[in-house]
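Chemist: This is query18.tsv (TSV, C-alpha atoms).
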```
chain	number	residue	atom	x	y	z
T	1350	MET	CA	106.85	-97.40	-105.64
T	1351	SER	CA	106.86	-93.78	-104.40
T	1352	ASN	CA	108.29	-91.06	-106.58
T	1353	GLY	CA	110.17	-87.91	-105.64
T	1354	SER	CA	107.04	-85.81	-105.41
T	1355	SER	CA	105.30	-88.00	-102.83
T	1356	PRO	CA	105.31	-87.84	-99.04
T	1357	ILE	CA	106.39	-90.82	-96.98
T	1358	SER	CA	103.99	-93.74	-96.83
T	1359	LYS	CA	102.51	-95.27	-93.72
T	1360	SER	CA	104.88	-98.23	-93.95
T	1361	GLU	CA	107.86	-95.86	-93.88
T	1362	ARG	CA	106.82	-93.98	-90.73
T	1363	VAL	CA	108.72	-94.41	-87.50
T	1364	PHE	CA	105.84	-94.39	-85.02
T	1365	GLU	CA	108.07	-93.71	-82.01
T	1366	ILE	CA	109.03	-90.35	-83.54
T	1367	ASP	CA	105.35	-89.42	-83.87
T	1368	ALA	CA	104.72	-90.51	-80.27
T	1369	VAL	CA	107.60	-88.40	-78.93
T	1370	ARG	CA	106.26	-85.48	-80.95
T	1371	GLY	CA	102.87	-86.00	-79.32
T	1372	PHE	CA	104.51	-85.96	-75.88
T	1373	ALA	CA	106.31	-82.74	-76.84
T	1374	LEU	CA	102.95	-81.12	-77.63
T	1375	LEU	CA	101.86	-81.74	-74.04
T	1376	GLY	CA	104.95	-79.94	-72.78
T	1377	ILE	CA	104.53	-77.07	-75.25
T	1378	LEU	CA	101.02	-76.44	-73.93
T	1379	MET	CA	102.26	-76.71	-70.34
T	1380	MET	CA	104.82	-73.99	-71.05
T	1381	ASN	CA	102.57	-71.73	-73.13
T	1382	ILE	CA	99.59	-71.71	-70.77
T	1383	MET	CA	101.33	-69.10	-68.62
T	1384	SER	CA	101.17	-66.68	-71.55
T	1385	PHE	CA	97.75	-67.82	-72.76
T	1386	ALA	CA	96.17	-67.16	-69.37
T	1387	GLY	CA	98.02	-64.11	-68.10
T	1388	PRO	CA	100.22	-61.12	-69.02
T	1389	THR	CA	103.50	-63.00	-68.51
T	1390	LEU	CA	105.31	-61.32	-71.36
T	1391	GLU	CA	104.12	-57.82	-70.45
T	1392	GLU	CA	105.36	-58.33	-66.90
T	1393	GLN	CA	108.87	-58.99	-68.20
T	1394	PHE	CA	108.87	-55.31	-69.17
T	1395	THR	CA	106.86	-53.74	-66.34
T	1396	MET	CA	108.52	-55.84	-63.60
T	1397	GLU	CA	105.11	-56.21	-61.97
T	1398	GLN	CA	103.33	-59.47	-61.17
T	1399	SER	CA	99.70	-60.36	-61.56
T	1400	ASP	CA	97.80	-61.77	-58.61
T	1401	ILE	CA	97.19	-65.01	-60.55
T	1402	TYR	CA	100.90	-65.82	-60.20
T	1403	THR	CA	101.26	-64.94	-56.51
T	1404	GLY	CA	100.62	-67.02	-53.41
T	1405	GLN	CA	102.23	-70.26	-52.28
T	1406	TRP	CA	100.29	-72.74	-54.41
T	1407	ASN	CA	100.32	-70.57	-57.52
T	1408	GLU	CA	104.06	-70.12	-57.19
T	1409	LEU	CA	104.60	-73.84	-56.67
T	1410	SER	CA	102.64	-74.56	-59.84
T	1411	LEU	CA	104.78	-72.06	-61.74
T	1412	TYR	CA	107.94	-73.55	-60.23
T	1413	PHE	CA	106.91	-77.00	-61.47
T	1414	ILE	CA	106.19	-75.68	-64.97
T	1415	ASN	CA	109.36	-73.57	-65.12
T	1416	THR	CA	111.45	-76.56	-64.00
T	1417	PHE	CA	109.93	-79.41	-65.97
T	1418	ALA	CA	108.40	-77.68	-69.01
T	1419	THR	CA	109.81	-74.22	-69.77
T	1420	SER	CA	112.56	-74.47	-72.43
T	1421	ASN	CA	112.50	-78.28	-72.33
T	1422	PHE	CA	109.91	-78.91	-75.00
T	1423	TYR	CA	110.54	-76.34	-77.71
T	1424	THR	CA	114.10	-77.73	-77.67
T	1425	MET	CA	112.62	-81.23	-77.96
T	1426	PHE	CA	110.58	-80.09	-80.94
T	1427	SER	CA	113.74	-78.58	-82.40
T	1428	PHE	CA	115.51	-81.93	-82.03
T	1429	LEU	CA	112.58	-83.69	-83.71
T	1430	PHE	CA	112.57	-81.09	-86.49
T	1431	GLY	CA	116.23	-81.83	-87.27
T	1432	LEU	CA	115.48	-85.55	-87.28
T	1433	GLY	CA	112.48	-85.00	-89.54
T	1434	PHE	CA	114.62	-82.82	-91.82
T	1435	TYR	CA	117.01	-85.72	-92.39
T	1436	ILE	CA	114.21	-88.21	-92.98
T	1437	PHE	CA	112.51	-85.85	-95.47
T	1438	LEU	CA	115.64	-85.08	-97.50
T	1439	SER	CA	117.22	-88.53	-97.41
T	1440	ARG	CA	114.06	-90.27	-98.61
T	1441	ALA	CA	113.40	-87.66	-101.27
T	1442	GLU	CA	117.04	-87.93	-102.37
T	1443	LYS	CA	116.74	-91.70	-102.84
T	1444	ARG	CA	113.65	-91.24	-104.99
T	1445	GLN	CA	115.07	-88.43	-107.13
T	1446	ASN	CA	118.79	-89.38	-107.09
T	1447	ASN	CA	119.60	-85.83	-105.96
T	1448	VAL	CA	119.04	-83.63	-102.95
T	1449	PRO	CA	115.73	-81.74	-103.37
T	1450	TYR	CA	116.92	-78.50	-101.77
T	1451	LEU	CA	114.34	-76.40	-103.58
T	1452	LEU	CA	111.55	-78.67	-102.34
T	1453	PHE	CA	112.72	-78.20	-98.76
T	1454	LEU	CA	113.07	-74.43	-99.19
T	1455	LYS	CA	109.51	-74.34	-100.48
T	1456	ARG	CA	108.43	-76.37	-97.46
T	1457	MET	CA	110.10	-73.85	-95.12
T	1458	LEU	CA	108.54	-70.89	-96.93
T	1459	ILE	CA	105.09	-72.38	-96.44
T	1460	LEU	CA	105.86	-73.03	-92.77
T	1461	LEU	CA	106.97	-69.41	-92.42
T	1462	VAL	CA	103.65	-68.20	-93.85
T	1463	ILE	CA	101.70	-70.49	-91.51
T	1464	GLY	CA	103.76	-69.21	-88.58
T	1465	LEU	CA	103.19	-65.56	-89.48
T	1466	MET	CA	99.44	-66.14	-89.83
T	1467	HIS	CA	99.44	-67.90	-86.47
T	1468	ALA	CA	101.40	-65.10	-84.77
T	1469	VAL	CA	99.29	-62.27	-86.16
T	1470	LEU	CA	95.79	-63.72	-86.45
T	1471	ILE	CA	95.69	-66.11	-83.47
T	1472	TRP	CA	98.47	-65.80	-80.86
T	1473	TYR	CA	101.75	-63.91	-80.77
T	1474	GLY	CA	103.79	-66.68	-79.13
T	1475	ASP	CA	104.67	-68.47	-82.37
T	1476	ILE	CA	107.73	-70.73	-82.76
T	1477	LEU	CA	107.11	-71.85	-86.35
T	1478	THR	CA	108.71	-68.72	-87.81
T	1479	VAL	CA	111.90	-69.50	-85.88
T	1480	TYR	CA	111.87	-73.10	-87.13
T	1481	ALA	CA	111.39	-71.93	-90.71
T	1482	ALA	CA	114.31	-69.49	-90.51
T	1483	ALA	CA	116.66	-71.92	-88.75
T	1484	GLY	CA	115.49	-74.75	-91.00
T	1485	VAL	CA	116.96	-73.03	-94.04
T	1486	LEU	CA	120.36	-72.96	-92.28
T	1487	LEU	CA	120.17	-76.73	-91.87
T	1488	LEU	CA	120.71	-77.20	-95.59
T	1489	VAL	CA	124.33	-76.15	-95.10
T	1490	PHE	CA	124.94	-79.12	-92.78
T	1491	TYR	CA	123.14	-81.91	-94.64
T	1492	ARG	CA	126.26	-83.17	-96.45
T	1493	PHE	CA	128.53	-82.89	-93.40
T	1494	LYS	CA	129.56	-86.00	-91.52
T	1495	PRO	CA	127.50	-86.83	-88.40
T	1496	VAL	CA	130.41	-86.11	-86.04
T	1497	VAL	CA	130.85	-82.65	-87.58
T	1498	ASN	CA	127.19	-81.81	-87.01
T	1499	LEU	CA	127.32	-83.05	-83.44
T	1500	ALA	CA	130.48	-81.04	-82.78
T	1501	ALA	CA	128.87	-77.92	-84.27
T	1502	ALA	CA	125.84	-78.36	-82.00
T	1503	ALA	CA	128.06	-78.80	-78.94
T	1504	ALA	CA	130.08	-75.72	-79.90
T	1505	ILE	CA	126.96	-73.55	-80.27
T	1506	LEU	CA	125.54	-74.67	-76.94
T	1507	GLY	CA	128.92	-74.41	-75.20
T	1508	VAL	CA	129.67	-70.90	-76.45
T	1509	SER	CA	126.14	-69.76	-75.57
T	1510	THR	CA	126.44	-71.16	-72.06
T	1511	ILE	CA	129.84	-69.54	-71.44
T	1512	PHE	CA	128.58	-66.23	-72.79
T	1513	ILE	CA	125.56	-66.29	-70.45
T	1514	LEU	CA	127.75	-67.15	-67.44
T	1515	LEU	CA	130.03	-64.22	-68.22
T	1516	LEU	CA	127.03	-61.92	-68.57
T	1517	SER	CA	125.74	-63.18	-65.21
T	1518	MET	CA	129.03	-62.33	-63.54
T	1519	MET	CA	129.01	-58.87	-65.10
T	1520	SER	CA	125.41	-58.25	-64.03
T	1521	LEU	CA	126.29	-59.35	-60.49
T	1522	LEU	CA	129.14	-56.84	-60.37
T	1523	PHE	CA	126.87	-54.17	-61.83
T	1524	SER	CA	124.05	-54.84	-59.38
T	1525	ASN	CA	126.48	-54.69	-56.44
T	1526	SER	CA	127.80	-51.32	-57.57
T	1527	SER	CA	124.43	-49.77	-58.47
T	1528	ALA	CA	121.90	-48.16	-56.16
T	1529	GLY	CA	119.20	-50.71	-56.83
T	1530	SER	CA	117.68	-53.09	-59.34
T	1531	PRO	CA	116.43	-51.73	-62.65
T	1532	GLY	CA	112.83	-50.62	-62.79
T	1533	GLY	CA	110.32	-51.62	-65.37
T	1534	PHE	CA	109.06	-49.66	-68.32
T	1535	ASP	CA	105.89	-49.36	-70.33
T	1536	PRO	CA	106.00	-51.68	-73.38
T	1537	GLY	CA	103.27	-49.66	-75.10
T	1538	PHE	CA	100.38	-52.09	-74.65
T	1539	ASN	CA	98.10	-53.39	-71.91
T	1540	MET	CA	97.35	-57.07	-72.47
T	1541	THR	CA	94.62	-57.37	-69.85
T	1542	GLU	CA	92.78	-54.33	-71.18
T	1543	VAL	CA	92.91	-55.52	-74.80
T	1544	LEU	CA	92.21	-59.20	-74.18
T	1545	THR	CA	89.28	-58.62	-71.82
T	1546	GLY	CA	87.61	-55.66	-73.51
T	1547	GLY	CA	89.07	-55.22	-76.98
T	1548	SER	CA	87.75	-56.20	-80.39
T	1549	TYR	CA	89.35	-58.82	-82.62
T	1550	ALA	CA	91.06	-55.97	-84.50
T	1551	ASP	CA	92.55	-54.82	-81.19
T	1552	ILE	CA	93.81	-58.35	-80.52
T	1553	VAL	CA	95.44	-58.50	-83.97
T	1554	ASN	CA	97.13	-55.14	-83.32
T	1555	LEU	CA	98.34	-56.45	-79.96
T	1556	ASN	CA	99.70	-59.60	-81.62
T	1557	LEU	CA	101.53	-57.45	-84.16
T	1558	SER	CA	103.04	-55.27	-81.44
T	1559	VAL	CA	104.16	-58.19	-79.29
T	1560	PHE	CA	105.41	-60.29	-82.20
T	1561	SER	CA	107.48	-57.40	-83.52
T	1562	ILE	CA	109.14	-57.14	-80.10
T	1563	MET	CA	109.69	-60.89	-79.95
T	1564	ILE	CA	111.46	-60.96	-83.32
T	1565	SER	CA	114.63	-59.55	-81.73
T	1566	SER	CA	114.63	-62.21	-79.00
T	1567	ASN	CA	113.79	-64.90	-81.56
T	1568	ILE	CA	116.94	-63.99	-83.48
T	1569	THR	CA	118.98	-64.84	-80.40
T	1570	ILE	CA	117.10	-68.15	-80.06
T	1571	ILE	CA	117.90	-69.26	-83.63
T	1572	PRO	CA	121.44	-70.50	-82.80
T	1573	LEU	CA	120.08	-72.63	-79.94
T	1574	VAL	CA	117.31	-74.00	-82.14
T	1575	LEU	CA	119.87	-74.73	-84.85
T	1576	ALA	CA	122.02	-76.60	-82.33
T	1577	MET	CA	119.10	-78.89	-81.45
T	1578	PHE	CA	118.33	-79.26	-85.17
T	1579	LEU	CA	121.89	-80.49	-85.66
T	1580	ILE	CA	121.59	-83.04	-82.86
T	1581	GLY	CA	118.41	-84.31	-84.51
T	1582	LEU	CA	120.21	-84.39	-87.86
T	1583	TYR	CA	123.04	-86.37	-86.25
T	1584	VAL	CA	120.59	-88.91	-84.81
T	1585	GLY	CA	118.97	-89.23	-88.25
T	1586	GLN	CA	122.31	-89.71	-89.99
T	1587	LYS	CA	123.27	-92.44	-87.50
T	1588	GLY	CA	119.95	-94.23	-88.05
T	1589	ILE	CA	119.25	-94.48	-84.32
T	1590	PHE	CA	115.46	-94.28	-84.54
T	1591	GLN	CA	115.40	-96.77	-87.40
T	1592	ASN	CA	116.91	-99.38	-85.07
T	1593	LEU	CA	116.19	-98.46	-81.47
T	1594	ASP	CA	116.95	-101.94	-80.12
T	1595	ALA	CA	120.53	-101.71	-81.39
T	1596	HIS	CA	121.09	-98.46	-79.48
T	1597	LYS	CA	119.70	-99.38	-76.05
T	1598	LYS	CA	122.92	-98.47	-74.21
T	1599	LEU	CA	123.17	-95.09	-75.93
T	1600	ILE	CA	119.53	-94.34	-75.13
T	1601	SER	CA	119.97	-95.36	-71.48
T	1602	ARG	CA	123.12	-93.23	-71.13
T	1603	THR	CA	121.34	-90.28	-72.74
T	1604	ALA	CA	118.48	-90.57	-70.24
T	1605	ILE	CA	120.87	-90.77	-67.28
T	1606	ILE	CA	123.15	-87.93	-68.38
T	1607	GLY	CA	120.38	-85.70	-69.74
T	1608	LEU	CA	118.14	-85.92	-66.70
T	1609	GLY	CA	120.95	-86.41	-64.19
T	1610	ALA	CA	122.56	-83.13	-65.23
T	1611	GLY	CA	119.44	-81.38	-66.48
T	1612	ILE	CA	117.19	-81.71	-63.43
T	1613	PRO	CA	119.60	-80.04	-60.94
T	1614	ILE	CA	120.22	-77.20	-63.42
T	1615	LYS	CA	116.51	-76.70	-64.06
T	1616	LEU	CA	115.64	-76.89	-60.34
T	1617	VAL	CA	117.90	-73.89	-59.78
T	1618	LEU	CA	116.82	-72.04	-62.92
T	1619	GLY	CA	113.16	-72.84	-62.28
T	1620	TYR	CA	113.55	-71.19	-58.89
T	1621	GLY	CA	115.03	-68.13	-60.57
T	1622	LEU	CA	112.29	-67.96	-63.21
T	1623	THR	CA	109.61	-68.23	-60.51
T	1624	TYR	CA	110.91	-66.24	-57.58
T	1625	MET	CA	113.90	-64.10	-58.60
T	1626	MET	CA	113.11	-62.33	-61.88
T	1627	ASP	CA	113.29	-58.92	-60.20
T	1628	ASP	CA	117.02	-59.48	-59.74
T	1629	MET	CA	119.29	-58.51	-62.66
T	1630	MET	CA	121.77	-61.35	-62.18
T	1631	TRP	CA	119.01	-63.96	-62.03
T	1632	GLN	CA	117.40	-62.49	-65.16
T	1633	VAL	CA	120.57	-63.24	-67.08
T	1634	LEU	CA	121.38	-66.51	-65.32
T	1635	THR	CA	117.98	-67.99	-66.13
T	1636	LEU	CA	118.93	-67.81	-69.83
T	1637	LEU	CA	120.89	-70.97	-69.06
T	1638	ALA	CA	117.49	-72.66	-69.02
T	1639	TYR	CA	117.63	-72.35	-72.80
T	1640	SER	CA	121.29	-73.01	-73.58
T	1641	ALA	CA	122.00	-75.77	-71.02
T	1642	GLY	CA	118.98	-76.93	-69.03
T	1643	GLY	CA	116.53	-77.19	-71.93
T	1644	PRO	CA	118.77	-79.24	-74.27
T	1645	LEU	CA	119.79	-81.63	-71.49
T	1646	MET	CA	116.24	-82.13	-70.27
T	1647	SER	CA	114.80	-82.52	-73.77
T	1648	LEU	CA	117.28	-85.23	-74.76
T	1649	GLY	CA	116.79	-86.93	-71.39
T	1650	TYR	CA	113.02	-86.81	-71.86
T	1651	VAL	CA	113.24	-88.30	-75.37
T	1652	ALA	CA	115.47	-91.13	-74.19
T	1653	LEU	CA	113.35	-91.86	-71.11
T	1654	PHE	CA	110.19	-91.79	-73.23
T	1655	ILE	CA	111.67	-94.37	-75.61
T	1656	ILE	CA	112.65	-96.61	-72.69
T	1657	ILE	CA	109.17	-96.40	-71.15
T	1658	ALA	CA	107.44	-96.82	-74.53
T	1659	LYS	CA	109.34	-100.05	-75.10
T	1660	LYS	CA	107.96	-101.41	-71.83
T	1661	VAL	CA	104.48	-99.83	-71.97
T	1662	THR	CA	103.43	-100.82	-75.46
T	1663	GLY	CA	100.24	-98.77	-75.47
T	1664	LEU	CA	102.06	-95.46	-74.98
T	1665	THR	CA	103.23	-95.17	-78.57
T	1666	LYS	CA	99.79	-96.14	-79.84
T	1667	LEU	CA	98.18	-93.51	-77.57
T	1668	LEU	CA	100.35	-90.56	-78.62
T	1669	GLN	CA	101.31	-91.45	-82.21
T	1670	PRO	CA	98.18	-89.91	-83.82
T	1671	VAL	CA	98.71	-86.71	-81.79
T	1672	GLY	CA	102.26	-86.37	-83.06
T	1673	GLN	CA	101.42	-87.36	-86.61
T	1674	MET	CA	99.26	-84.24	-86.85
T	1675	ALA	CA	101.55	-82.10	-84.69
T	1676	LEU	CA	101.22	-78.93	-86.76
T	1677	THR	CA	97.44	-79.07	-86.59
T	1678	ASN	CA	97.50	-79.75	-82.85
T	1679	TYR	CA	100.00	-76.97	-82.19
T	1680	ILE	CA	97.80	-74.40	-83.93
T	1681	MET	CA	94.69	-75.97	-82.37
T	1682	GLN	CA	96.13	-75.39	-78.91
T	1683	SER	CA	96.36	-71.68	-79.66
T	1684	ILE	CA	92.83	-71.59	-81.08
T	1685	LEU	CA	91.29	-73.51	-78.18
T	1686	MET	CA	93.05	-71.51	-75.50
T	1687	THR	CA	92.48	-68.07	-77.03
T	1688	VAL	CA	88.84	-68.75	-77.91
T	1689	VAL	CA	88.05	-69.98	-74.40
T	1690	ILE	CA	90.15	-67.46	-72.45
T	1691	TYR	CA	89.47	-64.40	-74.60
T	1692	GLY	CA	85.94	-65.43	-75.56
T	1693	PHE	CA	84.82	-65.98	-71.97
T	1694	ASN	CA	86.69	-62.91	-70.80
T	1695	ILE	CA	88.75	-64.81	-68.23
T	1696	PHE	CA	92.24	-63.61	-69.18
T	1697	ASN	CA	94.28	-62.78	-66.07
T	1698	THR	CA	91.66	-64.30	-63.77
T	1699	ILE	CA	92.56	-68.03	-63.69
T	1700	GLU	CA	95.06	-68.64	-60.91
T	1701	ALA	CA	98.22	-70.54	-61.79
T	1702	VAL	CA	97.30	-73.47	-59.56
T	1703	TRP	CA	94.72	-74.40	-62.22
T	1704	PHE	CA	97.15	-74.31	-65.14
T	1705	ILE	CA	98.21	-77.96	-64.95
T	1706	PRO	CA	94.63	-79.35	-64.68
T	1707	VAL	CA	93.55	-77.17	-67.62
T	1708	VAL	CA	96.48	-78.48	-69.69
T	1709	VAL	CA	95.54	-82.09	-68.90
T	1710	VAL	CA	91.93	-81.50	-69.98
T	1711	VAL	CA	92.85	-79.70	-73.21
T	1712	PHE	CA	95.47	-82.28	-74.16
T	1713	THR	CA	93.04	-85.12	-73.45
T	1714	VAL	CA	90.62	-83.51	-75.91
T	1715	GLN	CA	93.44	-83.36	-78.46
T	1716	VAL	CA	94.30	-87.03	-77.96
T	1717	ILE	CA	90.68	-88.06	-78.51
T	1718	TYR	CA	90.28	-85.77	-81.52
T	1719	SER	CA	93.53	-86.99	-83.08
T	1720	HIS	CA	92.53	-90.65	-82.78
T	1721	ILE	CA	89.15	-89.98	-84.37
T	1722	TRP	CA	90.62	-87.87	-87.20
T	1723	MET	CA	93.48	-90.24	-88.05
T	1724	LYS	CA	91.08	-93.17	-88.16
T	1725	PHE	CA	89.56	-91.69	-91.30
T	1726	PHE	CA	92.33	-89.52	-92.76
T	1727	ARG	CA	95.99	-89.94	-93.68
T	1728	PHE	CA	97.07	-86.47	-92.54
T	1729	GLY	CA	95.95	-83.78	-90.16
T	1730	PRO	CA	94.15	-80.84	-91.85
T	1731	LEU	CA	97.14	-78.47	-91.77
T	1732	GLU	CA	99.57	-81.29	-92.61
T	1733	TRP	CA	97.49	-82.02	-95.70
T	1734	ILE	CA	97.56	-78.35	-96.75
T	1735	TRP	CA	101.31	-78.15	-96.06
T	1736	ARG	CA	102.05	-81.29	-98.08
T	1737	SER	CA	99.78	-80.36	-100.96
T	1738	LEU	CA	101.39	-76.93	-101.28
T	1739	THR	CA	104.89	-78.39	-100.92
T	1740	TYR	CA	104.40	-80.95	-103.68
T	1741	SER	CA	102.18	-78.64	-105.80
T	1742	LYS	CA	99.39	-81.17	-106.06
T	1743	THR	CA	96.34	-82.18	-104.05
T	1744	MET	CA	97.30	-85.10	-101.87
T	1745	PRO	CA	94.71	-87.80	-101.23
T	1746	ILE	CA	93.67	-87.36	-97.62
T	1747	LYS	CA	91.12	-90.10	-96.97
T	1748	ARG	CA	92.28	-93.47	-95.79
T	1749	ILE	CA	91.62	-96.31	-98.21
T	1750	GLU	CA	90.40	-99.41	-96.45
T	1751	HIS	CA	91.55	-102.65	-98.12
T	1752	ARG	CA	88.88	-105.32	-98.08
```
Could you rewrite the structure in this file as structure tokens?
Modeler:
Amino acid sequence: MSNGSSPISKSERVFEIDAVRGFALLGILMMNIMSFAGPTLEEQFTMEQSDIYTGQWNELSLYFINTFATSNFYTMFSFLFGLGFYIFLSRAEKRQNNVPYLLFLKRMLILLVIGLMHAVLIWYGDILTVYAAAGVLLLVFYRFKPVVNLAAAAAILGVSTIFILLLSMMSLLFSNSSAGSPGGFDPGFNMTEVLTGGSYADIVNLNLSVFSIMISSNITIIPLVLAMFLIGLYVGQKGIFQNLDAHKKLISRTAIIGLGAGIPIKLVLGYGLTYMMDDMMWQVLTLLAYSAGGPLMSLGYVALFIIIAKKVTGLTKLLQPVGQMALTNYIMQSILMTVVIYGFNIFNTIEAVWFIPVVVVVFTVQVIYSHIWMKFFRFGPLEWIWRSLTYSKTMPIKRIEHR
């Protein structure tokens, strides 16, 4: 029998959740490769565009990524985080006969430290710090009824969407009454110069500069992340993943509504993100990719994945090890991409048409590595460190074969 200071056992795992998490990692890499390979973030300030993003085929590749990946997968991870939050606390509560809030706060503090180390020492585009901050807010909602949490999520997303639409209308009026579109400005760093000719110390300084700028935008993302957390919490409270067969109609409806509404929205917003970011109104309007398009697409993706996984039995088996060590694989993506791109001095030289093939190759390596690692170990390397620090004891990591 497990006690309150133990992680969940293999028999308690819901493998479909791990598999969806593995699928989300593919999408995360698909979205992040634009920033790994080129000065995407810098260009949001300078209003210039690198040659690697221009040209018909490069732009089509970006349009595909902006439509089917951008904002869709960090929201999926947020949903899975909320679901995992419920599983973690509810199982620990049963073992301890109380809610282990302090244990979860400790878990979030460790995640925050990992995220800060990732952002500063490896790559500035970290999302773990946002999850850690928003994760603490989840504790407020744990005791609320499922319908309350779902209503709170809908309210956050609805208010955000209305606010963005109003801002878009205002920006349209402003752009019509002004002499021209706003020009860019110097953000105070040159990514290409640093990442092709700088030392590691220069890269760390760049990461610090960019991450400090991103903190302000991350604060605005926290409500949207929290909304997806709450949807995941709702799904956990309703026990949907514990009995998928009993919720087939709900899953089918979620796939139809999520993708049916999400794809048209993201086709429009993907066009804006790819072709129209020099227009003030489109700059604001594309924020709907995060408040409306992303949540719809992410829930539609999850539901469709479950439907396909039930028919293609090998899909869960293929991706489950990847998702079981999701933290390790997330950080590994940053390490692999930065070592290859910075190390071989190819930043801002790989054209966007190659982004999708590169993602497929890197993710294939991660699938193979994850299967090999999980054959011999119970946790991924970073998962083991995270668990051991959370429970203040060294967790056994090697698999014990019963003979």
Chemist: Which of these residues is nearest to Ser1410 in chain T, using only C-alpha atoms: T:Tyr1639, T:Tyr1691, T:Phe1428, T:Trp1703?
Modeler: T:Trp1703
Chemist: Which residues come within 10 Å of Lys1494 in chain T, counting all atoms listed in the file, excluding same-chain residues fewer than 5 positions away, as a list in words?
Modeler: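 My list of contacting residues is Leu1499, Tyr1583, Gln1586 and Lys1587 of chain T.
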Chemist: If you measure from CA of Phe1512 in chain T to CA of Ile1570 in chain T, what distance in Å do you get, rounded to one decimal?
Modeler: 13.7 Å
Chemist: Quote the spacing between CA of Ile1699 in chain T and CA of Ala1386 in chain T in Å to one decimal place.
Modeler: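 A separation of 6.8 Å between them.
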Chemist: Which residue is closest to Leu1411 in chain T? Choose from T:Leu1582, T:Met1380, T:Val1508, T:Ile1471 and count all atoms listed in the file.
Modeler: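 Using all atoms listed in the file, Leu1411 in chain T sits closest to T:Met1380.
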Chemist: Looking at T:Ile1377, T:Val1617, T:Leu1608, T:Ala1368, which one is nearest to Lys1659 in chain T, with distances taken over only C-alpha atoms?
Modeler: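 Of T:Ile1377, T:Val1617, T:Leu1608, T:Ala1368, the one nearest Lys1659 in chain T, counting only C-alpha atoms, is T:Ala1368.
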Chemist: Give me the residues of range 1386-1501 of chain T that have any atom at most 9 Å from an atom of range 1723-1742 of chain T; for each, the nearest atom pair and the distance in Å, rounded to one decimal. Use only C-alpha atoms, sort by chain and number, and format it as a tab-separated table.
Modeler:
```
residue	atom	partner	partner_atom	distance
T:Leu1452	CA	T:Thr1739	CA	6.8
T:Phe1453	CA	T:Thr1739	CA	8.1
T:Lys1455	CA	T:Thr1739	CA	6.2
T:Arg1456	CA	T:Thr1739	CA	5.3
T:Ile1459	CA	T:Trp1735	CA	6.9
T:Leu1460	CA	T:Trp1735	CA	7.6
T:Ile1463	CA	T:Trp1735	CA	8.9
```
Chemist: Nearest to Gly1663 in chain T: which of T:Leu1486, T:Phe1394, T:Glu1365, T:Pro1449 is it, counting only C-alpha atoms?
Modeler: T:Glu1365
Chemist: So the first atom is CA of Leu1487 in chain T and the second is CA of Ala1501 in chain T; what is the distance between them in Å, to one decimal place?
Modeler: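 Those two atoms sit 11.6 Å apart.
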Chemist: Excluding Ile1568 in chain T and any residue of its chain fewer than 2 positions from it, enumerate the residues within 12 Å of it, using only C-alpha atoms, and give them as an MDAnalysis selection string.
Modeler: chainID T and resid 1476 1478:1480 1482:1483 1561:1566 1570:1575
Chemist: Would you mind telling me which residue in T:Ala1595, T:Phe1693, T:Thr1389, T:Phe1490 lies nearest to Ile1401 in chain T when using all atoms listed in the file?
Modeler: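 Of all the options, T:Thr1389 lies closest to Ile1401 in chain T.
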Chemist: Pick out the closest residue to Trp1406 in chain T from this set: T:Ala1701, T:Phe1426, T:Ser1719, T:Gly1609. Count all atoms listed in the file.
Modeler: T:Ala1701
Chemist: Hey, can you pull every residue with an atom no more than 9 Å from (100.6, -85.8, -85.5), using only C-alpha atoms, and send it as a CSV table (one decimal) with C-alpha atoms, in the frame of the given file?
Modeler:
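Output contents, as saved in part03.csv:
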```csv
chain,number,residue,atom,x,y,z
T,1367,ASP,CA,105.4,-89.4,-83.9
T,1368,ALA,CA,104.7,-90.5,-80.3
T,1370,ARG,CA,106.3,-85.5,-81.0
T,1371,GLY,CA,102.9,-86.0,-79.3
T,1668,LEU,CA,100.4,-90.6,-78.6
T,1669,GLN,CA,101.3,-91.4,-82.2
T,1670,PRO,CA,98.2,-89.9,-83.8
T,1671,VAL,CA,98.7,-86.7,-81.8
T,1672,GLY,CA,102.3,-86.4,-83.1
T,1673,GLN,CA,101.4,-87.4,-86.6
T,1674,MET,CA,99.3,-84.2,-86.8
T,1675,ALA,CA,101.6,-82.1,-84.7
T,1676,LEU,CA,101.2,-78.9,-86.8
T,1677,THR,CA,97.4,-79.1,-86.6
T,1678,ASN,CA,97.5,-79.8,-82.8
T,1719,SER,CA,93.5,-87.0,-83.1
T,1723,MET,CA,93.5,-90.2,-88.0
T,1728,PHE,CA,97.1,-86.5,-92.5
T,1729,GLY,CA,96.0,-83.8,-90.2
T,1732,GLU,CA,99.6,-81.3,-92.6
```
